[in-house]
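Peer 1: Below is the file model.csv, with CSV, C-alpha atoms and all ligand atoms.
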chain,number,residue,atom,x,y,z
A,1,MET,CA,0.0,0.0,0.0
A,2,GLY,CA,1.4,3.4,-0.9
A,3,ARG,CA,1.9,6.3,1.5
A,4,ARG,CA,-0.9,8.9,1.6
A,5,PRO,CA,1.0,12.2,1.0
A,6,GLU,CA,-0.5,13.8,4.1
A,7,ALA,CA,0.3,10.8,6.4
A,8,PRO,CA,2.7,11.7,9.2
A,9,VAL,CA,5.9,9.7,9.2
A,10,ALA,CA,6.9,7.9,12.5
A,11,LEU,CA,10.0,6.1,13.5
A,12,VAL,CA,9.8,3.5,16.3
A,13,THR,CA,12.9,1.9,17.8
A,14,GLY,CA,12.5,-1.5,19.6
A,15,ALA,CA,9.4,-2.3,17.6
A,16,SER,CA,9.9,-6.1,17.4
A,17,ARG,CA,7.9,-6.9,20.6
A,18,GLY,CA,6.4,-5.5,23.8
A,19,ILE,CA,5.7,-1.8,24.0
A,20,GLY,CA,7.3,-0.9,20.7
A,21,ARG,CA,5.2,-3.4,18.9
A,22,ALA,CA,2.0,-2.1,20.5
A,23,VAL,CA,3.0,1.4,19.7
A,24,ALA,CA,3.6,0.4,16.0
A,25,LEU,CA,0.1,-1.3,15.8
A,26,ALA,CA,-1.6,1.8,17.3
A,27,LEU,CA,0.3,4.3,15.1
A,28,GLY,CA,-0.4,2.1,12.0
A,29,ALA,CA,-4.1,2.1,12.8
A,30,ALA,CA,-4.0,5.9,13.4
A,31,GLY,CA,-2.8,6.4,9.8
A,32,PHE,CA,1.0,7.0,10.3
A,33,THR,CA,3.5,5.9,7.8
A,34,LEU,CA,5.9,3.8,9.9
A,35,VAL,CA,9.6,2.9,9.8
A,36,LEU,CA,10.2,0.2,12.4
A,37,GLY,CA,13.6,-0.7,13.8
A,38,ALA,CA,15.0,-3.5,16.0
A,39,ARG,CA,17.6,-6.3,15.7
A,40,SER,CA,15.0,-9.1,15.2
A,41,LEU,CA,14.2,-8.5,11.5
A,42,GLY,CA,12.0,-11.6,11.2
A,43,ASP,CA,9.6,-10.3,14.0
A,44,LEU,CA,9.6,-6.9,12.4
A,45,ASP,CA,8.7,-8.3,9.0
A,46,GLU,CA,5.8,-10.2,10.5
A,47,LEU,CA,4.6,-7.0,12.2
A,48,VAL,CA,4.9,-5.1,8.9
A,49,ARG,CA,2.6,-7.7,7.3
A,50,GLN,CA,0.1,-7.4,10.1
A,51,ILE,CA,0.0,-3.6,9.9
A,52,ALA,CA,-0.4,-3.9,6.0
A,53,ALA,CA,-3.2,-6.4,6.4
A,54,ALA,CA,-5.1,-3.9,8.6
A,55,GLY,CA,-4.7,-1.2,5.9
A,56,GLY,CA,-1.6,0.5,7.4
A,57,ASN,CA,1.8,1.3,5.9
A,58,ALA,CA,5.1,0.2,7.5
A,59,THR,CA,8.6,-0.8,6.6
A,60,ALA,CA,11.1,-2.7,8.7
A,61,SER,CA,14.7,-1.7,9.1
A,62,ALA,CA,17.5,-3.6,10.9
A,63,LEU,CA,18.6,-1.5,13.9
A,64,ASP,CA,21.0,-1.8,16.7
A,65,VAL,CA,20.8,1.3,18.8
A,66,ARG,CA,24.3,0.6,20.3
A,67,ASP,CA,25.9,1.2,16.9
A,68,HIS,CA,26.0,4.8,15.7
A,69,LEU,CA,26.2,3.7,12.0
A,70,SER,CA,23.2,1.4,12.4
A,71,VAL,CA,21.1,4.3,13.8
A,72,GLU,CA,22.3,6.6,11.1
A,73,GLY,CA,21.3,4.1,8.4
A,74,PHE,CA,17.8,3.7,10.1
A,75,VAL,CA,17.1,7.4,10.2
A,76,GLN,CA,18.6,8.1,6.7
A,77,ASP,CA,16.6,5.3,5.2
A,78,ALA,CA,13.4,6.9,6.5
A,79,LEU,CA,14.5,10.4,5.2
A,80,ASP,CA,15.4,9.0,1.8
A,81,ARG,CA,12.1,7.2,1.5
A,82,PHE,CA,9.7,9.9,2.8
A,83,GLY,CA,11.7,13.1,3.1
A,84,ARG,CA,10.5,13.9,6.6
A,85,VAL,CA,10.1,12.6,10.2
A,86,ASP,CA,7.1,13.8,12.2
A,87,LEU,CA,7.4,11.5,15.2
A,88,LEU,CA,10.3,9.5,16.8
A,89,VAL,CA,9.4,7.0,19.5
A,90,ALA,CA,12.8,6.2,21.2
A,91,ASN,CA,11.7,3.0,22.9
A,92,ALA,CA,14.4,0.4,22.5
A,93,GLY,CA,15.7,-0.6,25.9
A,94,ILE,CA,16.8,-3.5,28.0
A,95,GLY,CA,16.1,-4.4,31.7
A,96,GLY,CA,18.8,-4.6,34.3
A,97,GLY,CA,17.5,-7.0,36.9
A,98,ASP,CA,20.6,-7.6,38.9
A,99,LEU,CA,22.4,-6.1,41.9
A,100,PHE,CA,25.0,-3.6,40.7
A,101,ALA,CA,27.8,-5.4,42.5
A,102,SER,CA,27.0,-8.5,40.4
A,103,MET,CA,27.1,-6.8,37.1
A,104,SER,CA,30.1,-7.2,34.8
A,105,GLN,CA,31.7,-4.2,33.0
A,106,GLN,CA,30.1,-5.6,29.8
A,107,ASP,CA,26.6,-5.6,31.5
A,108,VAL,CA,27.2,-2.0,32.7
A,109,ARG,CA,28.3,-0.8,29.3
A,110,GLY,CA,25.5,-2.7,27.5
A,111,LEU,CA,22.8,-1.1,29.6
A,112,VAL,CA,24.2,2.5,29.3
A,113,GLU,CA,24.8,2.0,25.5
A,114,THR,CA,21.3,0.7,24.9
A,115,ASN,CA,19.1,2.7,27.3
A,116,PHE,CA,20.8,6.0,27.3
A,117,LEU,CA,23.3,6.5,24.5
A,118,GLY,CA,21.0,4.6,22.1
A,119,VAL,CA,18.2,7.1,22.7
A,120,LEU,CA,20.6,10.1,22.3
A,121,ARG,CA,21.8,8.8,18.9
A,122,SER,CA,18.3,8.5,17.4
A,123,VAL,CA,17.2,11.8,18.8
A,124,GLN,CA,20.3,13.7,17.5
A,125,LEU,CA,19.9,12.2,14.1
A,126,VAL,CA,16.2,13.2,13.6
A,127,LEU,CA,16.6,16.7,15.0
A,128,PRO,CA,18.0,18.4,11.9
A,129,ALA,CA,15.0,17.2,9.8
A,130,MET,CA,12.5,18.2,12.5
A,131,ARG,CA,14.0,21.6,12.9
A,132,ARG,CA,14.0,22.1,9.1
A,133,GLN,CA,10.3,21.1,9.0
A,134,HIS,CA,9.6,23.4,12.0
A,135,ARG,CA,7.6,20.5,13.3
A,136,GLY,CA,8.2,17.2,15.1
A,137,SER,CA,7.5,15.2,18.1
A,138,ILE,CA,10.1,13.2,20.1
A,139,VAL,CA,8.8,10.6,22.5
A,140,ILE,CA,11.3,9.1,24.9
A,141,VAL,CA,10.2,5.9,26.7
A,142,ALA,CA,11.7,6.4,30.2
A,143,SER,CA,10.2,4.6,33.3
A,144,VAL,CA,8.7,5.1,36.7
A,145,ALA,CA,12.1,3.6,37.8
A,146,GLY,CA,13.6,6.9,36.8
A,147,GLU,CA,11.8,8.4,39.8
A,148,VAL,CA,11.8,5.4,42.2
A,149,ALA,CA,14.9,3.2,42.2
A,150,LEU,CA,14.6,-0.3,43.7
A,151,PRO,CA,17.3,-2.8,44.5
A,152,GLY,CA,18.2,-4.9,41.5
A,153,SER,CA,17.7,-2.1,39.1
A,154,ALA,CA,19.9,0.8,40.3
A,155,LEU,CA,21.7,1.3,37.0
A,156,TYR,CA,18.5,0.7,34.9
A,157,ALA,CA,16.9,3.4,37.1
A,158,ALA,CA,19.8,5.7,36.6
A,159,THR,CA,19.6,5.4,32.7
A,160,LYS,CA,15.9,6.3,32.9
A,161,ALA,CA,16.5,9.2,35.3
A,162,ALA,CA,19.1,10.5,32.9
A,163,LEU,CA,16.6,10.2,30.0
A,164,MET,CA,14.1,12.2,31.9
A,165,ARG,CA,16.5,15.1,32.6
A,166,PHE,CA,17.6,14.9,29.0
A,167,ALA,CA,14.0,15.2,27.8
A,168,ASP,CA,13.4,18.2,30.1
A,169,GLY,CA,16.4,20.1,28.9
A,170,LEU,CA,16.0,19.2,25.2
A,171,GLY,CA,12.3,20.1,25.3
A,172,ARG,CA,13.3,23.6,26.3
A,173,GLU,CA,16.1,23.8,23.7
A,174,VAL,CA,13.9,22.9,20.7
A,175,ARG,CA,10.3,24.1,21.5
A,176,ALA,CA,10.9,27.3,19.6
A,177,ASP,CA,11.9,25.2,16.6
A,178,GLY,CA,8.4,23.6,16.6
A,179,VAL,CA,9.7,20.3,18.1
A,180,ARG,CA,8.0,18.9,21.2
A,181,VAL,CA,9.7,16.4,23.5
A,182,THR,CA,7.7,14.1,25.8
A,183,ALA,CA,9.1,11.6,28.4
A,184,ILE,CA,6.7,8.7,29.0
A,185,LEU,CA,7.2,6.9,32.3
A,186,PRO,CA,5.5,3.5,32.3
A,187,GLY,CA,5.0,1.6,35.5
A,188,PHE,CA,5.0,-2.2,35.3
A,189,VAL,CA,3.6,-3.3,31.9
A,190,ARG,CA,3.1,-6.9,30.7
A,191,THR,CA,6.0,-7.6,28.2
A,192,ASP,CA,9.0,-10.0,28.0
A,193,MET,CA,10.9,-7.6,30.2
A,194,THR,CA,8.5,-8.1,33.2
A,195,ARG,CA,7.9,-11.8,32.7
A,196,GLY,CA,8.3,-13.5,36.1
A,197,ILE,CA,7.2,-10.5,38.1
A,198,GLY,CA,4.1,-11.7,39.9
A,199,LEU,CA,2.1,-8.5,39.9
A,200,PRO,CA,-1.1,-7.6,38.1
A,201,MET,CA,-0.2,-5.2,35.3
A,202,PRO,CA,-1.8,-3.8,32.1
A,203,GLY,CA,-0.7,-4.7,28.6
A,204,PRO,CA,1.6,-2.5,26.5
A,205,GLU,CA,-1.4,-0.8,24.8
A,206,VAL,CA,-1.5,1.7,27.7
A,207,VAL,CA,1.8,3.0,26.6
A,208,ALA,CA,0.7,3.1,22.9
A,209,ARG,CA,-2.2,5.3,23.9
A,210,ALA,CA,0.2,7.6,25.8
A,211,VAL,CA,2.3,7.9,22.6
A,212,LEU,CA,-0.7,9.1,20.6
A,213,ARG,CA,-1.5,11.6,23.3
A,214,ALA,CA,2.1,12.8,23.3
A,215,TYR,CA,2.0,13.3,19.6
A,216,ARG,CA,-1.4,15.1,19.6
A,217,GLN,CA,-0.9,17.3,22.8
A,218,GLY,CA,2.9,17.4,23.4
A,219,PRO,CA,2.9,17.3,27.2
A,220,ARG,CA,6.4,17.3,28.9
A,221,ARG,CA,5.7,14.0,30.8
A,222,ILE,CA,3.1,11.2,30.9
A,223,VAL,CA,3.0,8.6,33.6
A,224,VAL,CA,1.1,5.4,32.7
A,225,PRO,CA,-0.9,3.9,34.3
A,226,GLY,CA,-1.9,7.2,36.0
A,227,PHE,CA,-2.0,5.8,39.5
A,228,TYR,CA,1.8,5.6,39.5
A,229,VAL,CA,1.7,9.4,39.9
A,230,VAL,CA,0.5,8.8,43.5
A,231,LEU,CA,3.2,6.2,44.1
A,232,ILE,CA,5.9,8.6,42.8
A,233,TRP,CA,4.6,11.3,45.1
A,234,LEU,CA,4.5,8.8,48.1
A,235,ALA,CA,8.1,7.7,47.4
A,236,ARG,CA,9.2,11.3,47.5
A,237,ALA,CA,7.2,12.1,50.6
A,238,ALA,CA,8.1,8.9,52.5
A,239,PRO,CA,11.3,7.4,51.2
A,240,TRP,CA,11.3,5.0,54.2
A,241,LEU,CA,8.4,3.2,52.5
A,242,VAL,CA,10.6,2.5,49.4
A,243,ASP,CA,13.3,1.3,51.8
A,244,LEU,CA,10.9,-1.2,53.3
A,245,VAL,CA,9.9,-2.5,49.8
A,246,GLY,CA,13.6,-2.5,48.9
A,247,ARG,CA,14.5,-4.7,51.9
A,248,ARG,CA,11.8,-7.2,50.9
A,249,ILE,CA,13.1,-7.3,47.3
A,250,LEU,CA,16.6,-7.9,48.6
A,251,ARG,CA,15.4,-10.8,50.8
A,252,GLU,CA,13.5,-12.3,47.8
A,253,MET,CA,16.5,-12.0,45.6
A,254,ALA,CA,18.7,-13.7,48.2
A,255,GLU,CA,16.3,-16.6,48.6
A,256,LYS,CA,16.3,-17.1,44.8
A,257,THR,CA,20.1,-17.1,44.7
A,258,PRO,CA,21.5,-20.6,44.7
A,259,GLY,CA,23.9,-21.4,47.6
B,301,LIG,N1,7.7,-3.4,30.5
B,301,LIG,C1,7.8,-2.6,31.4
B,301,LIG,O1,7.2,-2.8,32.5
B,301,LIG,C2,8.5,-1.2,31.2
B,301,LIG,C3,8.3,-0.3,32.2
B,301,LIG,C4,8.9,1.0,32.1
B,301,LIG,C5,9.7,1.2,31.0
B,301,LIG,N2,9.8,0.2,30.0
B,301,LIG,C6,10.7,0.6,28.8
B,301,LIG,O2,9.9,0.3,27.7
B,301,LIG,C7,10.8,0.0,26.6
B,301,LIG,C8,10.4,-1.3,25.9
B,301,LIG,O3,10.4,-2.3,26.9
B,301,LIG,P1,9.5,-3.6,26.7
B,301,LIG,O4,8.9,-3.9,28.0
B,301,LIG,O5,8.6,-3.5,25.5
B,301,LIG,O6,10.7,-4.7,26.5
B,301,LIG,P2,10.8,-5.9,25.5
B,301,LIG,O7,9.5,-6.6,25.3
B,301,LIG,O8,12.0,-6.7,26.0
B,301,LIG,O9,11.2,-5.2,24.1
B,301,LIG,C9,12.4,-4.5,24.0
B,301,LIG,C10,12.5,-3.9,22.6
B,301,LIG,O10,13.8,-3.2,22.5
B,301,LIG,C11,14.5,-3.7,21.4
B,301,LIG,N3,15.9,-3.6,21.6
B,301,LIG,C12,16.7,-4.0,22.7
B,301,LIG,N4,18.0,-3.8,22.5
B,301,LIG,C13,18.1,-3.2,21.3
B,301,LIG,C14,19.1,-2.7,20.5
B,301,LIG,N5,20.4,-2.8,20.9
B,301,LIG,N6,18.9,-2.1,19.3
B,301,LIG,C15,17.6,-2.0,18.9
B,301,LIG,N7,16.5,-2.5,19.5
B,301,LIG,C16,16.8,-3.1,20.7
B,301,LIG,C17,14.1,-5.2,21.3
B,301,LIG,O11,14.3,-5.6,20.0
B,301,LIG,P3,15.4,-6.7,19.5
B,301,LIG,O12,15.8,-7.5,20.7
B,301,LIG,O13,14.8,-7.4,18.4
B,301,LIG,O14,16.5,-5.8,19.1
B,301,LIG,C18,12.6,-5.1,21.6
B,301,LIG,O15,11.9,-4.7,20.4
B,301,LIG,C19,12.2,-0.1,27.2
B,301,LIG,O16,12.9,1.1,27.0
B,301,LIG,C20,11.9,-0.3,28.7
B,301,LIG,O17,13.0,0.1,29.5
B,301,LIG,C21,9.3,-1.0,30.1
Take the structure I supplied and represent it as structure tokens, if you would.
Ligand SMILES: NC(=O)c1ccc[n+]([C@@H]2O[C@H](COP(=O)([O-])OP(=O)(O)OC[C@H]3O[C@@H](n4cnc5c(N)ncnc54)[C@H](OP(=O)(O)O)[C@@H]3O)[C@@H](O)[C@H]2O)c1
Peer 2:
Amino acid sequence: MGRRPEAPVALVTGASRGIGRAVALALGAAGFTLVLGARSLGDLDELVRQIAAAGGNATASALDVRDHLSVEGFVQDALDRFGRVDLLVANAGIGGGDLFASMSQQDVRGLVETNFLGVLRSVQLVLPAMRRQHRGSIVIVASVAGEVALPGSALYAATKAALMRFADGLGREVRADGVRVTAILPGFVRTDMTRGIGLPMPGPEVVARAVLRAYRQGPRRIVVPGFYVVLIWLARAAPWLVDLVGRRILREMAEKTPG
């Protein structure tokens, strides 16, 4: 199916599964022309077929956000095909479910390269086109963990907190150029990343709806599901409560550790 000339063009990183996949399906249904990136090309191709079968328009592009050349190719490919980028959803990320002391240097570098530098790369590469267009929306998928850091995810939380500060500052830098920056802070959402966490949680569609809201309204920050706003407030007002939860998590981690 060809692109309708008026259709906005969206790039989604980490679209092969989980939140990125749900975002791609929602944007496809909303009429965006999509360029979808991740390392698992087979999964992306299947998603492209699913979006096309529903009347949408998407292409898949191999992408490793840890590699600057790969991100450059991903963005350039979109610009060559469509000449513009209206929305970037910088979503690709990995979890870091381990105690910091147990992480290897390779784990540490992988987390920072993917969750922080990976986002910076895609954002920096779409900015010239968005500023030229005097229009664009950048959506950065951060996390509630950027506000409330628990044991077993200290570095993950740090990468997400860094993204939030980055989104704040960048938003102020580029607003006058017609570019809006939104940080989305999901709480626990049901994806591969949260498999094994025995808590009730919504599906990734809640984040997809937040992305559409970010594109349409351009708020600085969206927390999903909304009740996490209260938890973030509580964690600030009574950090000892987070300490209590943290001690329990540490005990559970110790019980699961063999030996
Ligand atoms: N699930 C949650 O509860 C939750 C909560 C808060 C925030 N988040 C954030 O939401 C985002 C998506 O998480 P998810 O839950 O959907 O996880 P997921 O199901 O594990 O999906 C992660 C996605 O990121 C991609 N990715 C990972 N490393 C990549 C790389 N080097 N280059 C390109 N793509 C890469 C994966 O694709 P390939 O492996 O095919 O490359 C996959 O499409 C992450 O940034 C995560 O931190 C998730």
Peer 1: What is the distance, in Å and to one decimal place, between CA of Ser40 (chain A) and CA of Gly196 (chain A)?
Peer 2: 22.4 Å
Peer 1: Which is closest to ligand LIG 301 (chain B) among A:Ala142, A:Ala208, A:Leu25, A:Val85, if we use all atoms listed in the file?
Peer 2: A:Ala142
Peer 1: Could you list, as an MDAnalysis selection string, all the residues within 6 Å of ligand LIG 301 (chain B), counting only C-alpha atoms and all ligand atoms?
Peer 2: chainID A and resid 13:20 38:40 63:66 91:95 114 141:143 186:194
Peer 1: So, with all atoms listed in the file as the atoms that count, which of A:Ala157, A:Leu99, A:Ala29, A:Val174 lies closest to Arg135 (chain A)?
Peer 2: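 Looking only at the distances to Arg135 (chain A), the closest residue turns out to be A:Val174.
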Peer 1: Within 12 Å of Arg175 (chain A), counting all atoms listed in the file, which residues show up once you throw out same-chain ones fewer than 3 positions away? Write them as a PyMOL selection string, please.
Peer 2: chain A and resi 127+130-131+134-138+167-172+178-182+218-220
Peer 1: Could you write out the selected residues, including C-alpha atoms, as a PDB file, in the coordinates of the input?
Peer 2:
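What follows is the written file selection.pdb:
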ATOM      1  CA  LEU A 127      16.600  16.700  15.000  1.00  0.00           C
ATOM      2  CA  MET A 130      12.500  18.200  12.500  1.00  0.00           C
ATOM      3  CA  ARG A 131      14.000  21.600  12.900  1.00  0.00           C
ATOM      4  CA  HIS A 134       9.600  23.400  12.000  1.00  0.00           C
ATOM      5  CA  ARG A 135       7.600  20.500  13.300  1.00  0.00           C
ATOM      6  CA  GLY A 136       8.200  17.200  15.100  1.00  0.00           C
ATOM      7  CA  SER A 137       7.500  15.200  18.100  1.00  0.00           C
ATOM      8  CA  ILE A 138      10.100  13.200  20.100  1.00  0.00           C
ATOM      9  CA  ALA A 167      14.000  15.200  27.800  1.00  0.00           C
ATOM     10  CA  ASP A 168      13.400  18.200  30.100  1.00  0.00           C
ATOM     11  CA  GLY A 169      16.400  20.100  28.900  1.00  0.00           C
ATOM     12  CA  LEU A 170      16.000  19.200  25.200  1.00  0.00           C
ATOM     13  CA  GLY A 171      12.300  20.100  25.300  1.00  0.00           C
ATOM     14  CA  ARG A 172      13.300  23.600  26.300  1.00  0.00           C
ATOM     15  CA  GLY A 178       8.400  23.600  16.600  1.00  0.00           C
ATOM     16  CA  VAL A 179       9.700  20.300  18.100  1.00  0.00           C
ATOM     17  CA  ARG A 180       8.000  18.900  21.200  1.00  0.00           C
ATOM     18  CA  VAL A 181       9.700  16.400  23.500  1.00  0.00           C
ATOM     19  CA  THR A 182       7.700  14.100  25.800  1.00  0.00           C
ATOM     20  CA  GLY A 218       2.900  17.400  23.400  1.00  0.00           C
ATOM     21  CA  PRO A 219       2.900  17.300  27.200  1.00  0.00           C
ATOM     22  CA  ARG A 220       6.400  17.300  28.900  1.00  0.00           C
TER      23      ARG A 220
END
Peer 1: Give the answer as one residue: which of A:Arg21, A:Arg81, A:Lys160, A:Arg49 has the shortest atom-to-atom distance to Ile140 (chain A), using all atoms listed in the file?
Peer 2: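 Of A:Arg21, A:Arg81, A:Lys160, A:Arg49, the one nearest Ile140 (chain A) is A:Lys160, counting all atoms listed in the file.
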Peer 1: Have a look at CA of Thr257 (chain A) and CA of Leu241 (chain A) and let me know their distance in Å, one decimal.
Peer 2: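 A separation of 24.7 Å between them.
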Peer 1: List as a list in words: which residues have an atom within 12 Å of (22.7, 3.3, 11.4), counting all atoms listed in the file?
Peer 2: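 These residues have at least one counted atom within 12 Å: Thr13, Gly37, Ala38, Arg39, Ser61, Ala62, Leu63, Asp64, Val65, Arg66, Asp67, His68, Leu69, Ser70, Val71, Glu72, Gly73, Phe74, Val75, Gln76, Asp77, Ala78, Gly118, Arg121, Ser122 and Leu125 of chain A.
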Peer 1: Mind pulling up the distance from CA of Val23 (chain A) to CA of Arg216 (chain A)?
Peer 2: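 Computed distance, CA of Arg216 (chain A) to CA of Val23 (chain A), equals 14.4 Å.
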Peer 1: Taking only C-alpha atoms into account, name the residue in A:Gly226, A:Gly110, A:Gly246, A:Pro151 that is nearest to Ala210 (chain A).
Peer 2: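 Closest to Ala210 (chain A) of all the choices is A:Gly226.
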Peer 1: Find the residues near Ala149 (chain A): any atom within 10 Å, counting all atoms listed in the file, skip ones fewer than 2 places away on the same chain, and give them as a list in words.
Peer 2: Val144, Ala145, Gly146, Glu147, Pro151, Gly152, Ser153, Ala154, Leu155, Tyr156, Ala157, Ala158, Lys160, Ala161, Ala235, Val242, Asp243 and Gly246 of chain A
Peer 1: Which of these, A:Arg221, A:Arg213, A:Arg165, A:Arg109, has the shortest distance to Leu185 (chain A) once you count only C-alpha atoms?
Peer 2: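 Of the candidates, the smallest distance to Leu185 (chain A) is held by A:Arg221.
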Peer 1: Using only C-alpha atoms, give me every residue within 6 Å of (0.4, -3.1, 14.1) in file coordinates, as a list in words.
Peer 2: Ala24, Leu25, Gly28, Gln50 and Ile51 of chain A
Peer 1: I'd like to know which of A:Gly97, A:Gly31, A:Pro225, A:Gly83 is closest to Ala58 (chain A), using all atoms listed in the file.
Peer 2: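 Closest candidate: A:Gly31.
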